[in-house]
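One file, input33.tsv, carrying TSV, N, CA and C atoms:
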chain	number	residue	atom	x	y	z
A	1	MET	N	71.54	119.30	116.73
A	1	MET	CA	72.98	119.12	116.76
A	1	MET	C	73.38	117.88	117.56
A	2	LYS	N	72.73	117.67	118.71
A	2	LYS	CA	73.06	116.52	119.54
A	2	LYS	C	72.69	115.22	118.83
A	3	THR	N	71.61	115.22	118.07
A	3	THR	CA	71.21	114.03	117.33
A	3	THR	C	72.24	113.70	116.26
A	4	LYS	N	72.71	114.72	115.56
A	4	LYS	CA	73.74	114.52	114.53
A	4	LYS	C	75.03	113.98	115.15
A	5	GLN	N	75.39	114.52	116.29
A	5	GLN	CA	76.60	114.10	116.96
A	5	GLN	C	76.47	112.64	117.44
A	6	ALA	N	75.35	112.31	118.01
A	6	ALA	CA	75.11	110.95	118.48
A	6	ALA	C	75.10	109.97	117.31
A	7	LEU	N	74.50	110.37	116.20
A	7	LEU	CA	74.46	109.53	115.01
A	7	LEU	C	75.86	109.32	114.45
A	8	SER	N	76.66	110.36	114.44
A	8	SER	CA	78.04	110.26	113.96
A	8	SER	C	78.86	109.31	114.83
A	9	ILE	N	78.70	109.44	116.13
A	9	ILE	CA	79.42	108.57	117.06
A	9	ILE	C	78.98	107.11	116.88
A	10	ALA	N	77.67	106.90	116.75
A	10	ALA	CA	77.15	105.55	116.55
A	10	ALA	C	77.69	104.95	115.26
A	11	LEU	N	77.75	105.76	114.21
A	11	LEU	CA	78.27	105.29	112.92
A	11	LEU	C	79.74	104.90	113.03
A	12	ILE	N	80.50	105.69	113.76
A	12	ILE	CA	81.92	105.39	113.95
A	12	ILE	C	82.08	104.09	114.74
A	13	VAL	N	81.29	103.92	115.79
A	13	VAL	CA	81.35	102.71	116.61
A	13	VAL	C	81.00	101.48	115.77
A	14	VAL	N	79.96	101.57	114.95
A	14	VAL	CA	79.56	100.45	114.09
A	14	VAL	C	80.66	100.14	113.08
A	15	ALA	N	81.27	101.16	112.51
A	15	ALA	CA	82.34	100.95	111.52
A	15	ALA	C	83.55	100.27	112.17
A	16	VAL	N	83.94	100.72	113.35
A	16	VAL	CA	85.08	100.12	114.03
A	16	VAL	C	84.77	98.68	114.43
A	17	ALA	N	83.58	98.44	114.97
A	17	ALA	CA	83.19	97.08	115.36
A	17	ALA	C	83.15	96.15	114.15
A	18	SER	N	82.65	96.64	113.02
A	18	SER	CA	82.61	95.84	111.80
A	18	SER	C	84.01	95.51	111.31
A	19	GLY	N	84.90	96.49	111.38
A	19	GLY	CA	86.29	96.26	110.96
A	19	GLY	C	86.99	95.23	111.84
A	20	VAL	N	86.78	95.33	113.14
A	20	VAL	CA	87.38	94.37	114.07
A	20	VAL	C	86.81	92.97	113.82
A	21	ALA	N	85.50	92.88	113.60
A	21	ALA	CA	84.87	91.58	113.34
A	21	ALA	C	85.40	90.97	112.04
A	22	ALA	N	85.54	91.78	111.00
A	22	ALA	CA	86.04	91.29	109.71
A	22	ALA	C	87.48	90.80	109.85
A	23	LEU	N	88.31	91.57	110.53
A	23	LEU	CA	89.70	91.18	110.73
A	23	LEU	C	89.78	89.90	111.57
A	24	GLY	N	88.95	89.79	112.57
A	24	GLY	CA	88.91	88.57	113.39
A	24	GLY	C	88.52	87.36	112.57
A	25	TYR	N	87.52	87.50	111.70
A	25	TYR	CA	87.10	86.38	110.85
A	25	TYR	C	88.21	85.96	109.90
A	26	VAL	N	88.84	86.94	109.26
A	26	VAL	CA	89.92	86.63	108.30
A	26	VAL	C	91.06	85.90	109.02
A	27	THR	N	91.43	86.38	110.20
A	27	THR	CA	92.50	85.74	110.96
A	27	THR	C	92.12	84.33	111.38
A	28	TRP	N	90.90	84.17	111.89
A	28	TRP	CA	90.43	82.84	112.31
A	28	TRP	C	90.41	81.88	111.12
A	29	ASN	N	89.92	82.34	109.98
A	29	ASN	CA	89.85	81.49	108.79
A	29	ASN	C	91.25	81.08	108.33
A	30	MET	N	92.20	82.00	108.40
A	30	MET	CA	93.57	81.70	107.99
A	30	MET	C	94.21	80.71	108.95
A	31	MET	N	94.03	80.90	110.24
A	31	MET	CA	94.70	80.06	111.23
A	31	MET	C	94.08	78.66	111.34
A	32	LYS	N	92.85	78.48	110.91
A	32	LYS	CA	92.27	77.13	110.95
A	32	LYS	C	92.75	76.28	109.77
A	33	HIS	N	93.36	76.93	108.77
A	33	HIS	CA	93.89	76.22	107.62
A	33	HIS	C	95.42	76.18	107.71
A	34	THR	N	95.91	75.29	108.58
A	34	THR	CA	97.35	75.12	108.73
A	34	THR	C	97.72	73.69	108.36
A	35	GLY	N	99.01	73.44	108.19
A	35	GLY	CA	99.48	72.09	107.88
A	35	GLY	C	98.88	71.55	106.59
A	36	VAL	N	98.33	70.35	106.65
A	36	VAL	CA	97.72	69.71	105.48
A	36	VAL	C	96.55	70.54	104.96
A	37	HIS	N	95.82	71.15	105.87
A	37	HIS	CA	94.68	71.98	105.47
A	37	HIS	C	95.14	73.23	104.70
A	38	ALA	N	96.34	73.71	104.99
A	38	ALA	CA	96.88	74.84	104.24
A	38	ALA	C	97.09	74.46	102.78
A	39	VAL	N	97.66	73.28	102.57
A	39	VAL	CA	97.91	72.81	101.19
A	39	VAL	C	96.59	72.64	100.44
A	40	GLU	N	95.56	72.17	101.13
A	40	GLU	CA	94.25	72.01	100.50
A	40	GLU	C	93.66	73.34	100.06
A	41	GLN	N	94.01	74.42	100.74
A	41	GLN	CA	93.50	75.75	100.40
A	41	GLN	C	94.28	76.41	99.25
A	42	MET	N	95.44	75.88	98.93
A	42	MET	CA	96.29	76.49	97.88
A	42	MET	C	95.72	76.21	96.50
A	43	ASN	N	95.90	77.20	95.61
A	43	ASN	CA	95.51	76.99	94.22
A	43	ASN	C	96.65	76.27	93.49
A	44	ALA	N	96.46	75.97	92.23
A	44	ALA	CA	97.44	75.18	91.46
A	44	ALA	C	98.80	75.87	91.41
A	45	GLN	N	98.82	77.18	91.20
A	45	GLN	CA	100.08	77.92	91.13
A	45	GLN	C	100.81	77.86	92.47
A	46	GLU	N	100.07	78.00	93.56
A	46	GLU	CA	100.68	77.95	94.88
A	46	GLU	C	101.22	76.56	95.19
A	47	ARG	N	100.53	75.53	94.75
A	47	ARG	CA	101.02	74.16	94.98
A	47	ARG	C	102.32	73.91	94.21
A	48	GLU	N	102.42	74.47	93.02
A	48	GLU	CA	103.67	74.34	92.25
A	48	GLU	C	104.81	75.05	92.99
A	49	LEU	N	104.54	76.23	93.53
A	49	LEU	CA	105.57	76.95	94.28
A	49	LEU	C	105.92	76.22	95.58
A	50	LEU	N	104.95	75.53	96.17
A	50	LEU	CA	105.22	74.75	97.38
A	50	LEU	C	106.24	73.66	97.10
A	51	LYS	N	106.22	73.10	95.90
A	51	LYS	CA	107.23	72.10	95.53
A	51	LYS	C	108.63	72.70	95.57
A	52	ARG	N	108.75	73.97	95.14
A	52	ARG	CA	110.05	74.64	95.20
A	52	ARG	C	110.44	74.95	96.64
A	53	VAL	N	109.46	75.37	97.43
A	53	VAL	CA	109.72	75.65	98.85
A	53	VAL	C	110.20	74.38	99.55
A	54	ALA	N	109.64	73.23	99.18
A	54	ALA	CA	110.01	71.95	99.79
A	54	ALA	C	111.46	71.57	99.49
A	55	LEU	N	112.06	72.16	98.48
A	55	LEU	CA	113.46	71.88	98.15
A	55	LEU	C	114.44	72.56	99.10
A	56	VAL	N	113.97	73.55	99.84
A	56	VAL	CA	114.84	74.30	100.74
A	56	VAL	C	115.20	73.43	101.94
A	57	ARG	N	116.48	73.37	102.24
A	57	ARG	CA	117.00	72.58	103.35
A	57	ARG	C	117.81	73.47	104.30
A	58	SER	N	117.92	73.04	105.53
A	58	SER	CA	118.65	73.83	106.53
A	58	SER	C	120.15	73.86	106.28
A	59	THR	N	120.65	72.96	105.45
A	59	THR	CA	122.09	72.93	105.16
A	59	THR	C	122.48	73.86	104.02
A	60	MET	N	121.49	74.43	103.35
A	60	MET	CA	121.76	75.31	102.20
A	60	MET	C	122.22	76.69	102.65
A	61	SER	N	122.98	77.33	101.77
A	61	SER	CA	123.31	78.74	101.98
A	61	SER	C	122.11	79.55	101.47
A	62	MET	N	122.05	80.80	101.86
A	62	MET	CA	120.95	81.63	101.39
A	62	MET	C	121.05	81.88	99.89
A	63	GLU	N	122.24	81.88	99.34
A	63	GLU	CA	122.39	82.03	97.90
A	63	GLU	C	121.73	80.86	97.16
A	64	GLN	N	121.86	79.66	97.72
A	64	GLN	CA	121.20	78.50	97.13
A	64	GLN	C	119.68	78.62	97.24
A	65	VAL	N	119.20	79.12	98.37
A	65	VAL	CA	117.76	79.34	98.55
A	65	VAL	C	117.25	80.34	97.52
A	66	TYR	N	118.00	81.43	97.32
A	66	TYR	CA	117.60	82.44	96.34
A	66	TYR	C	117.62	81.86	94.93
A	67	GLY	N	118.51	80.92	94.68
A	67	GLY	CA	118.54	80.25	93.38
A	67	GLY	C	117.26	79.45	93.13
A	68	ILE	N	116.67	78.93	94.18
A	68	ILE	CA	115.43	78.14	94.05
A	68	ILE	C	114.20	79.04	94.01
A	69	LEU	N	114.16	80.03	94.90
A	69	LEU	CA	112.95	80.84	95.06
A	69	LEU	C	113.00	82.21	94.41
A	70	GLY	N	114.17	82.60	93.95
A	70	GLY	CA	114.32	83.94	93.40
A	70	GLY	C	114.73	84.91	94.50
A	71	GLU	N	115.06	86.12	94.10
A	71	GLU	CA	115.48	87.14	95.07
A	71	GLU	C	114.29	87.57	95.93
A	72	PRO	N	114.52	87.75	97.22
A	72	PRO	CA	113.43	88.15	98.10
A	72	PRO	C	113.07	89.63	97.91
A	73	THR	N	111.88	89.97	98.37
A	73	THR	CA	111.45	91.37	98.37
A	73	THR	C	112.31	92.16	99.33
A	74	SER	N	112.59	91.56	100.48
A	74	SER	CA	113.51	92.18	101.43
A	74	SER	C	114.30	91.09	102.14
A	75	ASP	N	115.53	91.45	102.45
A	75	ASP	CA	116.44	90.51	103.10
A	75	ASP	C	116.99	91.22	104.33
A	76	LEU	N	116.30	91.05	105.45
A	76	LEU	CA	116.70	91.69	106.68
A	76	LEU	C	117.58	90.75	107.48
A	77	PHE	N	118.12	91.24	108.55
A	77	PHE	CA	118.93	90.41	109.44
A	77	PHE	C	118.09	89.25	109.95
A	78	GLN	N	118.45	88.04	109.62
A	78	GLN	CA	117.82	86.79	110.05
A	78	GLN	C	116.40	86.58	109.49
A	79	LEU	N	116.06	87.28	108.41
A	79	LEU	CA	114.74	87.09	107.80
A	79	LEU	C	114.79	87.51	106.33
A	80	ALA	N	114.34	86.60	105.47
A	80	ALA	CA	114.16	86.94	104.06
A	80	ALA	C	112.68	86.77	103.77
A	81	LYS	N	112.08	87.73	103.09
A	81	LYS	CA	110.65	87.61	102.79
A	81	LYS	C	110.35	87.96	101.35
A	82	TRP	N	109.35	87.26	100.84
A	82	TRP	CA	108.88	87.43	99.48
A	82	TRP	C	107.42	87.88	99.56
A	83	ASP	N	107.17	89.16	99.30
A	83	ASP	CA	105.81	89.67	99.28
A	83	ASP	C	105.14	89.24	97.98
A	84	GLY	N	103.87	88.92	98.04
A	84	GLY	CA	103.14	88.51	96.85
A	84	GLY	C	103.53	87.14	96.33
A	85	PHE	N	104.11	86.31	97.19
A	85	PHE	CA	104.54	84.98	96.78
A	85	PHE	C	103.32	84.15	96.42
A	86	GLY	N	103.34	83.53	95.27
A	86	GLY	CA	102.20	82.75	94.81
A	86	GLY	C	101.25	83.55	93.95
A	87	GLY	N	101.63	84.80	93.64
A	87	GLY	CA	100.83	85.60	92.73
A	87	GLY	C	99.72	86.41	93.37
A	88	SER	N	99.65	86.45	94.69
A	88	SER	CA	98.61	87.20	95.38
A	88	SER	C	99.23	88.26	96.28
A	89	GLU	N	98.64	89.44	96.28
A	89	GLU	CA	99.12	90.49	97.17
A	89	GLU	C	98.84	90.16	98.64
A	90	LEU	N	97.97	89.20	98.88
A	90	LEU	CA	97.63	88.78	100.23
A	90	LEU	C	98.61	87.76	100.79
A	91	SER	N	99.58	87.36	99.99
A	91	SER	CA	100.47	86.25	100.33
A	91	SER	C	101.89	86.75	100.62
A	92	GLN	N	102.52	86.11	101.61
A	92	GLN	CA	103.91	86.43	101.93
A	92	GLN	C	104.62	85.16	102.42
A	93	LEU	N	105.80	84.93	101.87
A	93	LEU	CA	106.66	83.83	102.31
A	93	LEU	C	107.80	84.43	103.11
A	94	ARG	N	108.09	83.81	104.25
A	94	ARG	CA	109.21	84.24	105.09
A	94	ARG	C	110.10	83.04	105.37
A	95	ILE	N	111.39	83.27	105.29
A	95	ILE	CA	112.36	82.26	105.70
A	95	ILE	C	113.23	82.88	106.79
A	96	TYR	N	113.23	82.23	107.94
A	96	TYR	CA	114.01	82.70	109.08
A	96	TYR	C	115.39	82.07	109.00
A	97	ILE	N	116.41	82.88	109.25
A	97	ILE	CA	117.80	82.50	109.02
A	97	ILE	C	118.55	82.47	110.35
A	98	VAL	N	119.32	81.40	110.57
A	98	VAL	CA	120.20	81.30	111.74
A	98	VAL	C	121.58	80.90	111.23
A	99	ASP	N	122.58	81.66	111.57
A	99	ASP	CA	123.97	81.40	111.16
A	99	ASP	C	124.11	81.24	109.65
A	100	GLY	N	123.37	82.05	108.89
A	100	GLY	CA	123.49	82.03	107.44
A	100	GLY	C	122.76	80.91	106.73
A	101	HIS	N	121.96	80.14	107.47
A	101	HIS	CA	121.22	79.02	106.89
A	101	HIS	C	119.73	79.13	107.23
A	102	PRO	N	118.87	78.69	106.33
A	102	PRO	CA	117.42	78.75	106.62
A	102	PRO	C	117.06	77.76	107.73
A	103	ARG	N	116.17	78.18	108.63
A	103	ARG	CA	115.75	77.32	109.74
A	103	ARG	C	114.24	77.11	109.80
A	104	LYS	N	113.47	78.06	109.29
A	104	LYS	CA	112.01	77.96	109.37
A	104	LYS	C	111.41	78.65	108.15
A	105	VAL	N	110.34	78.03	107.63
A	105	VAL	CA	109.60	78.59	106.50
A	105	VAL	C	108.19	78.90	106.99
A	106	ARG	N	107.72	80.09	106.70
A	106	ARG	CA	106.34	80.47	106.99
A	106	ARG	C	105.76	81.14	105.76
A	107	TRP	N	104.62	80.61	105.33
A	107	TRP	CA	103.93	81.16	104.17
A	107	TRP	C	102.49	81.43	104.60
A	108	ALA	N	102.10	82.67	104.56
A	108	ALA	CA	100.74	83.04	104.95
A	108	ALA	C	100.05	83.75	103.80
A	109	LYS	N	98.81	83.38	103.57
A	109	LYS	CA	97.96	84.09	102.63
A	109	LYS	C	96.77	84.57	103.44
A	110	LEU	N	96.70	85.86	103.65
A	110	LEU	CA	95.70	86.46	104.53
A	110	LEU	C	94.29	86.00	104.19
A	111	GLY	N	93.65	85.38	105.16
A	111	GLY	CA	92.29	84.91	105.00
A	111	GLY	C	92.16	83.53	104.39
A	112	TYR	N	93.28	82.90	104.00
A	112	TYR	CA	93.21	81.60	103.32
A	112	TYR	C	93.96	80.50	104.05
A	113	PHE	N	95.27	80.69	104.31
A	113	PHE	CA	96.04	79.62	104.93
A	113	PHE	C	97.29	80.16	105.61
A	114	PHE	N	97.87	79.30	106.46
A	114	PHE	CA	99.13	79.59	107.15
A	114	PHE	C	99.95	78.31	107.12
A	115	TYR	N	101.03	78.30	106.34
A	115	TYR	CA	101.91	77.13	106.19
A	115	TYR	C	103.17	77.42	107.00
A	116	ASP	N	103.55	76.49	107.87
A	116	ASP	CA	104.68	76.68	108.77
A	116	ASP	C	105.49	75.39	108.81
A	117	LYS	N	106.80	75.49	108.59
A	117	LYS	CA	107.64	74.28	108.58
A	117	LYS	C	109.02	74.60	109.14
A	118	ASP	N	109.45	73.79	110.11
A	118	ASP	CA	110.82	73.87	110.62
A	118	ASP	C	111.71	73.08	109.68
A	119	LEU	N	112.89	73.61	109.40
A	119	LEU	CA	113.82	72.92	108.49
A	119	LEU	C	114.86	72.15	109.28
Could you rewrite the structure in this file as structure tokens?
Amino acid sequence: MKTKQALSIALIVVAVASGVAALGYVTWNMMKHTGVHAVEQMNAQERELLKRVALVRSTMSMEQVYGILGEPTSDLFQLAKWDGFGGSELSQLRIYIVDGHPRKVRWAKLGYFFYDKDL
């Protein structure tokens, strides 16, 4: 019984350590691909959508932003986000809003890239 218990505990420890290591690697890989390196990691569809994201200006109303990018998945107080932006479930675009106008764009694709731009 003690051997089974010890084996179970060891298995749980290995599983948790493996999960933490995998999550750490994915985060590290995503964060090393920022700025120009983020664009290099994007596929063709994501690069086309980046052209639309680049049209967003801080002087626009959120209705104008929605006209360019489509309706967001959720529109919370001072944050609009598009889940699955770029065709991947691992991807999310966020636009931070101040006084009814966009101020910051963040697009992250888990394990691939992190695009961040002040407007």
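Our summary of the geometry notes that atom C of Met60 in chain A is positioned 17.3 Å from atom C of Arg106 in chain A.
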* Write out as a ChimeraX atom specification all residues of range 12-119 of chain A that DSSP puts in strand (DSSP E or B) for this structure's backbone. => /A:34,74-76,79-83,91-98,101-109,113-118
I need the residues from that last selection saved to file as a compact mmCIF listing (two decimals), in the frame of the given file (with N, CA and C atoms), if you can.
# COMPACT_ATOMS: atom_id res chain seq x y z
N THR A 34 95.91 75.29 108.58
CA THR A 34 97.35 75.12 108.73
C THR A 34 97.72 73.69 108.36
N SER A 74 112.59 91.56 100.48
CA SER A 74 113.51 92.18 101.43
C SER A 74 114.30 91.09 102.14
N ASP A 75 115.53 91.45 102.45
CA ASP A 75 116.44 90.51 103.10
C ASP A 75 116.99 91.22 104.33
N LEU A 76 116.30 91.05 105.45
CA LEU A 76 116.70 91.69 106.68
C LEU A 76 117.58 90.75 107.48
N LEU A 79 116.06 87.28 108.41
CA LEU A 79 114.74 87.09 107.80
C LEU A 79 114.79 87.51 106.33
N ALA A 80 114.34 86.60 105.47
CA ALA A 80 114.16 86.94 104.06
C ALA A 80 112.68 86.77 103.77
N LYS A 81 112.08 87.73 103.09
CA LYS A 81 110.65 87.61 102.79
C LYS A 81 110.35 87.96 101.35
N TRP A 82 109.35 87.26 100.84
CA TRP A 82 108.88 87.43 99.48
C TRP A 82 107.42 87.88 99.56
N ASP A 83 107.17 89.16 99.30
CA ASP A 83 105.81 89.67 99.28
C ASP A 83 105.14 89.24 97.98
N SER A 91 99.58 87.36 99.99
CA SER A 91 100.47 86.25 100.33
C SER A 91 101.89 86.75 100.62
N GLN A 92 102.52 86.11 101.61
CA GLN A 92 103.91 86.43 101.93
C GLN A 92 104.62 85.16 102.42
N LEU A 93 105.80 84.93 101.87
CA LEU A 93 106.66 83.83 102.31
C LEU A 93 107.80 84.43 103.11
N ARG A 94 108.09 83.81 104.25
CA ARG A 94 109.21 84.24 105.09
C ARG A 94 110.10 83.04 105.37
N ILE A 95 111.39 83.27 105.29
CA ILE A 95 112.36 82.26 105.70
C ILE A 95 113.23 82.88 106.79
N TYR A 96 113.23 82.23 107.94
CA TYR A 96 114.01 82.70 109.08
C TYR A 96 115.39 82.07 109.00
N ILE A 97 116.41 82.88 109.25
CA ILE A 97 117.80 82.50 109.02
C ILE A 97 118.55 82.47 110.35
N VAL A 98 119.32 81.40 110.57
CA VAL A 98 120.20 81.30 111.74
C VAL A 98 121.58 80.90 111.23
N HIS A 101 121.96 80.14 107.47
CA HIS A 101 121.22 79.02 106.89
C HIS A 101 119.73 79.13 107.23
N PRO A 102 118.87 78.69 106.33
CA PRO A 102 117.42 78.75 106.62
C PRO A 102 117.06 77.76 107.73
N ARG A 103 116.17 78.18 108.63
CA ARG A 103 115.75 77.32 109.74
C ARG A 103 114.24 77.11 109.80
N LYS A 104 113.47 78.06 109.29
CA LYS A 104 112.01 77.96 109.37
C LYS A 104 111.41 78.65 108.15
N VAL A 105 110.34 78.03 107.63
CA VAL A 105 109.60 78.59 106.50
C VAL A 105 108.19 78.90 106.99
N ARG A 106 107.72 80.09 106.70
CA ARG A 106 106.34 80.47 106.99
C ARG A 106 105.76 81.14 105.76
N TRP A 107 104.62 80.61 105.33
CA TRP A 107 103.93 81.16 104.17
C TRP A 107 102.49 81.43 104.60
N ALA A 108 102.10 82.67 104.56
CA ALA A 108 100.74 83.04 104.95
C ALA A 108 100.05 83.75 103.80
N LYS A 109 98.81 83.38 103.57
CA LYS A 109 97.96 84.09 102.63
C LYS A 109 96.77 84.57 103.44
N PHE A 113 95.27 80.69 104.31
CA PHE A 113 96.04 79.62 104.93
C PHE A 113 97.29 80.16 105.61
N PHE A 114 97.87 79.30 106.46
CA PHE A 114 99.13 79.59 107.15
C PHE A 114 99.95 78.31 107.12
N TYR A 115 101.03 78.30 106.34
CA TYR A 115 101.91 77.13 106.19
C TYR A 115 103.17 77.42 107.00
N ASP A 116 103.55 76.49 107.87
CA ASP A 116 104.68 76.68 108.77
C ASP A 116 105.49 75.39 108.81
N LYS A 117 106.80 75.49 108.59
CA LYS A 117 107.64 74.28 108.58
C LYS A 117 109.02 74.60 109.14
N ASP A 118 109.45 73.79 110.11
CA ASP A 118 110.82 73.87 110.62
C ASP A 118 111.71 73.08 109.68
* To do: Grab the atom C of Asp83 in chain A to atom C of Gly111 in chain A distance for me, in Å with one decimal place.
  =>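 For atom C of Asp83 in chain A relative to atom C of Gly111 in chain A, the distance reads 15.6 Å.
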* To do: Figure out the distance between CA of Ile95 in chain A and atom C of Phe77 in chain A, please, to one decimal in Å.
  =>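 Separation of atom C of Phe77 in chain A and CA of Ile95 in chain A: 10.0 Å.
Among the candidates A:Ala80, A:Val98, A:Ser58, A:Glu89, the residue lying nearest to Leu119 in chain A is A:Ser58 (atoms considered: only C-alpha atoms).
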* To do: Just the residues within 8 Å of Gly100 in chain A, please, counting only N, CA and C atoms, with nothing from its chain fewer than 5 positions along; format it as a VMD selection string.
  => chain A and resid 58 to 63 78
